[in-house]
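*Asks:* Before anything else, here's the structure in question.
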Amino acid sequence: MTDGEQEAVRAAVEGELGLMDPAVRSSRAGTTRLLDPEFVEVGASGRRYTYEDMVAELAEHPGSAEGGPVHEPSDIVGVLLAPGLVHLTYETCFEGRRARRSSLWRRRDEETGWRMYYHQGTPVPPEVP
């Protein structure tokens, strides 16, 4: 991986971890800074979220309360798919429930930086290793 590819993946991972931080999740400014205006999510619940939904609701989602339970990520892997587009995969554990997650991060310009464009969470049944 080139230095530029490593930097792109590092920026996407930092953004992803930021969106798991209760201080960011509970902040409208933090959320809008890290979500692309064309953002879409298919949550582990199966619900589809738009940018507007997530900006309005993320502060109320599990993992957003300071001092409360948080999403614990593991095995984060990132790949630069094309200039300005990074794909991340990883697993989270939240209150004993696991989910496999996939995110696309894109950078349209230097000013706005890297933002999450798409996210999907898939629950992992307890019996799956």
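In the structure tokens, chains take the letters A, B, ... in the order shown, each chain's residues start at 1, and ligands count up from 1 in the order shown.
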Just the residues within 8 Å of Asp21 of chain A, please, counting only C-alpha atoms, with nothing from its chain fewer than 4 positions along; format it as a tab-separated table (two decimals) with N, CA and C atoms, in the first residue's frame.
*Replies:*
```
chain	number	residue	atom	x	y	z
A	17	LEU	N	-14.13	5.61	13.82
A	17	LEU	CA	-14.00	5.59	15.28
A	17	LEU	C	-14.64	6.82	15.90
A	25	ARG	N	-21.27	11.39	18.58
A	25	ARG	CA	-22.62	10.90	18.28
A	25	ARG	C	-23.70	11.84	18.83
A	63	GLY	N	-25.34	3.90	22.41
A	63	GLY	CA	-23.92	4.21	22.26
A	63	GLY	C	-23.63	5.69	22.20
A	64	SER	N	-24.66	6.52	22.37
A	64	SER	CA	-24.47	7.96	22.26
A	64	SER	C	-24.41	8.68	23.60
A	70	VAL	N	-20.71	1.56	24.93
A	70	VAL	CA	-20.21	2.02	23.65
A	70	VAL	C	-20.01	0.84	22.71
```
*Asks:* Could you name the residues that touch Met54 of chain A at 9 Å or less, counting only C-alpha atoms, but leaving out those on the same chain fewer than 4 positions away, as JSON, numbers by chain?
*Replies:* {"A": [31, 35, 39, 40, 41, 49, 50, 58, 59]}
*Asks:* For the residues in the current selection, export all heavy atoms as a tab-separated table (two decimals), in the first residue's frame.
*Replies:*
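Generated file (part.tsv):
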```tsv
chain	number	residue	atom	x	y	z
A	31	THR	N	-21.62	15.08	13.96
A	31	THR	CA	-22.28	14.17	13.02
A	31	THR	C	-22.23	14.73	11.60
A	31	THR	O	-21.86	14.03	10.66
A	31	THR	CB	-23.74	13.93	13.45
A	31	THR	OG1	-23.75	13.38	14.77
A	31	THR	CG2	-24.43	12.96	12.52
A	35	LEU	N	-20.59	12.84	8.24
A	35	LEU	CA	-21.53	12.16	7.32
A	35	LEU	C	-21.63	12.93	6.00
A	35	LEU	O	-21.82	14.15	5.99
A	35	LEU	CB	-22.92	12.03	7.94
A	35	LEU	CG	-23.05	11.12	9.15
A	35	LEU	CD1	-24.50	11.07	9.61
A	35	LEU	CD2	-22.53	9.72	8.86
A	39	PHE	N	-25.46	10.44	2.46
A	39	PHE	CA	-25.33	9.26	3.32
A	39	PHE	C	-26.60	8.42	3.34
A	39	PHE	O	-27.70	8.93	3.39
A	39	PHE	CB	-25.01	9.72	4.74
A	39	PHE	CG	-25.06	8.63	5.76
A	39	PHE	CD1	-23.99	7.76	5.91
A	39	PHE	CD2	-26.18	8.45	6.55
A	39	PHE	CE1	-24.03	6.74	6.85
A	39	PHE	CE2	-26.23	7.44	7.50
A	39	PHE	CZ	-25.15	6.58	7.65
A	40	VAL	N	-26.40	7.09	3.37
A	40	VAL	CA	-27.47	6.11	3.56
A	40	VAL	C	-26.92	5.00	4.45
A	40	VAL	O	-25.76	4.61	4.33
A	40	VAL	CB	-27.94	5.50	2.21
A	40	VAL	CG1	-28.94	4.38	2.45
A	40	VAL	CG2	-28.54	6.57	1.32
A	41	GLU	N	-27.74	4.50	5.34
A	41	GLU	CA	-27.36	3.36	6.18
A	41	GLU	C	-28.47	2.33	6.18
A	41	GLU	O	-29.65	2.68	6.21
A	41	GLU	CB	-27.11	3.81	7.63
A	41	GLU	CG	-26.85	2.64	8.56
A	41	GLU	CD	-26.49	3.04	9.97
A	41	GLU	OE1	-26.00	4.17	10.18
A	41	GLU	OE2	-26.69	2.21	10.87
A	49	TYR	N	-31.69	4.38	6.97
A	49	TYR	CA	-31.54	5.75	7.45
A	49	TYR	C	-30.98	6.61	6.34
A	49	TYR	O	-30.09	6.19	5.60
A	49	TYR	CB	-30.57	5.82	8.63
A	49	TYR	CG	-31.00	5.08	9.86
A	49	TYR	CD1	-30.62	3.77	10.06
A	49	TYR	CD2	-31.77	5.70	10.83
A	49	TYR	CE1	-31.00	3.09	11.20
A	49	TYR	CE2	-32.15	5.03	11.98
A	49	TYR	CZ	-31.76	3.71	12.16
A	49	TYR	OH	-32.14	3.04	13.29
A	50	THR	N	-31.44	7.85	6.26
A	50	THR	CA	-30.86	8.84	5.37
A	50	THR	C	-29.98	9.79	6.20
A	50	THR	O	-29.96	9.72	7.44
A	50	THR	CB	-31.96	9.68	4.70
A	50	THR	OG1	-32.65	10.42	5.72
A	50	THR	CG2	-32.93	8.82	3.91
A	58	LEU	N	-29.16	10.46	15.70
A	58	LEU	CA	-27.99	9.74	16.22
A	58	LEU	C	-27.77	9.98	17.71
A	58	LEU	O	-27.40	9.06	18.44
A	58	LEU	CB	-26.73	10.08	15.43
A	58	LEU	CG	-25.49	9.26	15.81
A	58	LEU	CD1	-25.74	7.77	15.60
A	58	LEU	CD2	-24.29	9.71	15.00
A	59	ALA	N	-28.05	11.18	18.19
A	59	ALA	CA	-27.85	11.47	19.61
A	59	ALA	C	-28.71	10.59	20.51
A	59	ALA	O	-28.38	10.39	21.68
A	59	ALA	CB	-28.14	12.95	19.88
```
*Asks:* Of the residues A:Gly96, A:Gly43, A:Gly84, A:Gly67, which is the one nearest to Thr122 of chain A, using only C-alpha atoms?
*Replies:*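 Result for the nearest residue to Thr122 of chain A: A:Gly43.
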*Asks:* Counting only C-alpha atoms, what is within 8 Å of Glu16 of chain A, bar same-chain residues fewer than 4 positions away, as a list of chain:residue names?
*Replies:*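 In the requested format, the answer is A:Ala12, A:Met20, A:Met116.
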*Asks:* Using only C-alpha atoms, which of the listed residues (A:Gly4, A:Pro129, A:Gly68, A:Pro37) sits closest to Ala23 of chain A?
*Replies:*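 Closest candidate: A:Gly68.
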*Asks:* With only C-alpha atoms as the atoms that count, which of A:Arg10, A:Ser74, A:Arg115, A:Trp105 lies nearest to His87 of chain A?
*Replies:* A:Trp105
*Asks:* What residues in segment 47-128 of chain A get the DSSP label alpha helix (DSSP H)? Please answer as a list in words.
*Replies:*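 After running DSSP on the backbone, segment 47-128 of chain A has alpha helix (DSSP H) at Tyr51, Glu52, Asp53, Met54, Val55, Ala56 and Glu57 of chain A.
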*Asks:* What gap, in Å, lies between atom CA of Val42 of chain A and atom CA of Val55 of chain A?
*Replies:*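 Between atom CA of Val42 of chain A and atom CA of Val55 of chain A the gap is 14.9 Å.
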*Asks:* Rank A:Val128, A:Asp3, A:Tyr117, A:Val13 by their smallest atom-to-atom distance to Gly78 of chain A, using only C-alpha atoms, and report the top residue only.
*Replies:*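 Answer, going by the shortest atom-to-atom distance: A:Val13.
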*Asks:* DSSP on the backbone: which residues in segment 1-120 of chain A end up as strand (DSSP E or B)? Give the answer as a PyMOL selection string.
*Replies:* chain A and resi 35-42+48-50+72-82+85-94+97-107+114-120
*Asks:* For Leu85 of chain A, list every protein, DNA or RNA residue within 7 Å, evaluated using only C-alpha atoms, and leave out those in the same chain fewer than 2 positions away; present the list as a PDB file with C-alpha atoms, in the first residue's frame.
*Replies:*
```pdb
ATOM      1  CA  LEU A  80      -8.753   2.189  -1.105  1.00  0.00           C
ATOM      2  CA  LEU A  81     -11.176   1.266  -3.917  1.00  0.00           C
ATOM      3  CA  ALA A  82     -10.505   4.342  -6.049  1.00  0.00           C
ATOM      4  CA  PRO A  83      -9.167   7.845  -5.470  1.00  0.00           C
ATOM      5  CA  HIS A  87     -14.124   0.635   2.064  1.00  0.00           C
ATOM      6  CA  LEU A 104     -17.812   3.468   2.388  1.00  0.00           C
ATOM      7  CA  TRP A 105     -15.975   6.724   2.989  1.00  0.00           C
ATOM      8  CA  ARG A 106     -15.504   9.290   0.277  1.00  0.00           C
ATOM      9  CA  ARG A 107     -13.632  12.532  -0.101  1.00  0.00           C
TER      10      ARG A 107
END
```
*Asks:* I'd like to know which of A:Ser27, A:Pro125, A:Cys93, A:Tyr118 is closest to Ala65 of chain A, using only C-alpha atoms.
*Replies:* A:Ser27
*Asks:* Within 6 Å of Gly121 of chain A, counting only C-alpha atoms, which residues show up once you throw out same-chain ones fewer than 2 positions away? Write them as a list in words, please.
*Replies:*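 What passes the distance filter is Gly43, Ala44, Arg100 and Arg101 of chain A.
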*Asks:* Determine the nearest neighbour of Glu60 of chain A from the options A:Ser102, A:Ser26, A:Thr92, A:Ser45, counting only C-alpha atoms.
*Replies:*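 Of A:Ser102, A:Ser26, A:Thr92, A:Ser45, the one nearest Glu60 of chain A is A:Ser26, counting only C-alpha atoms.
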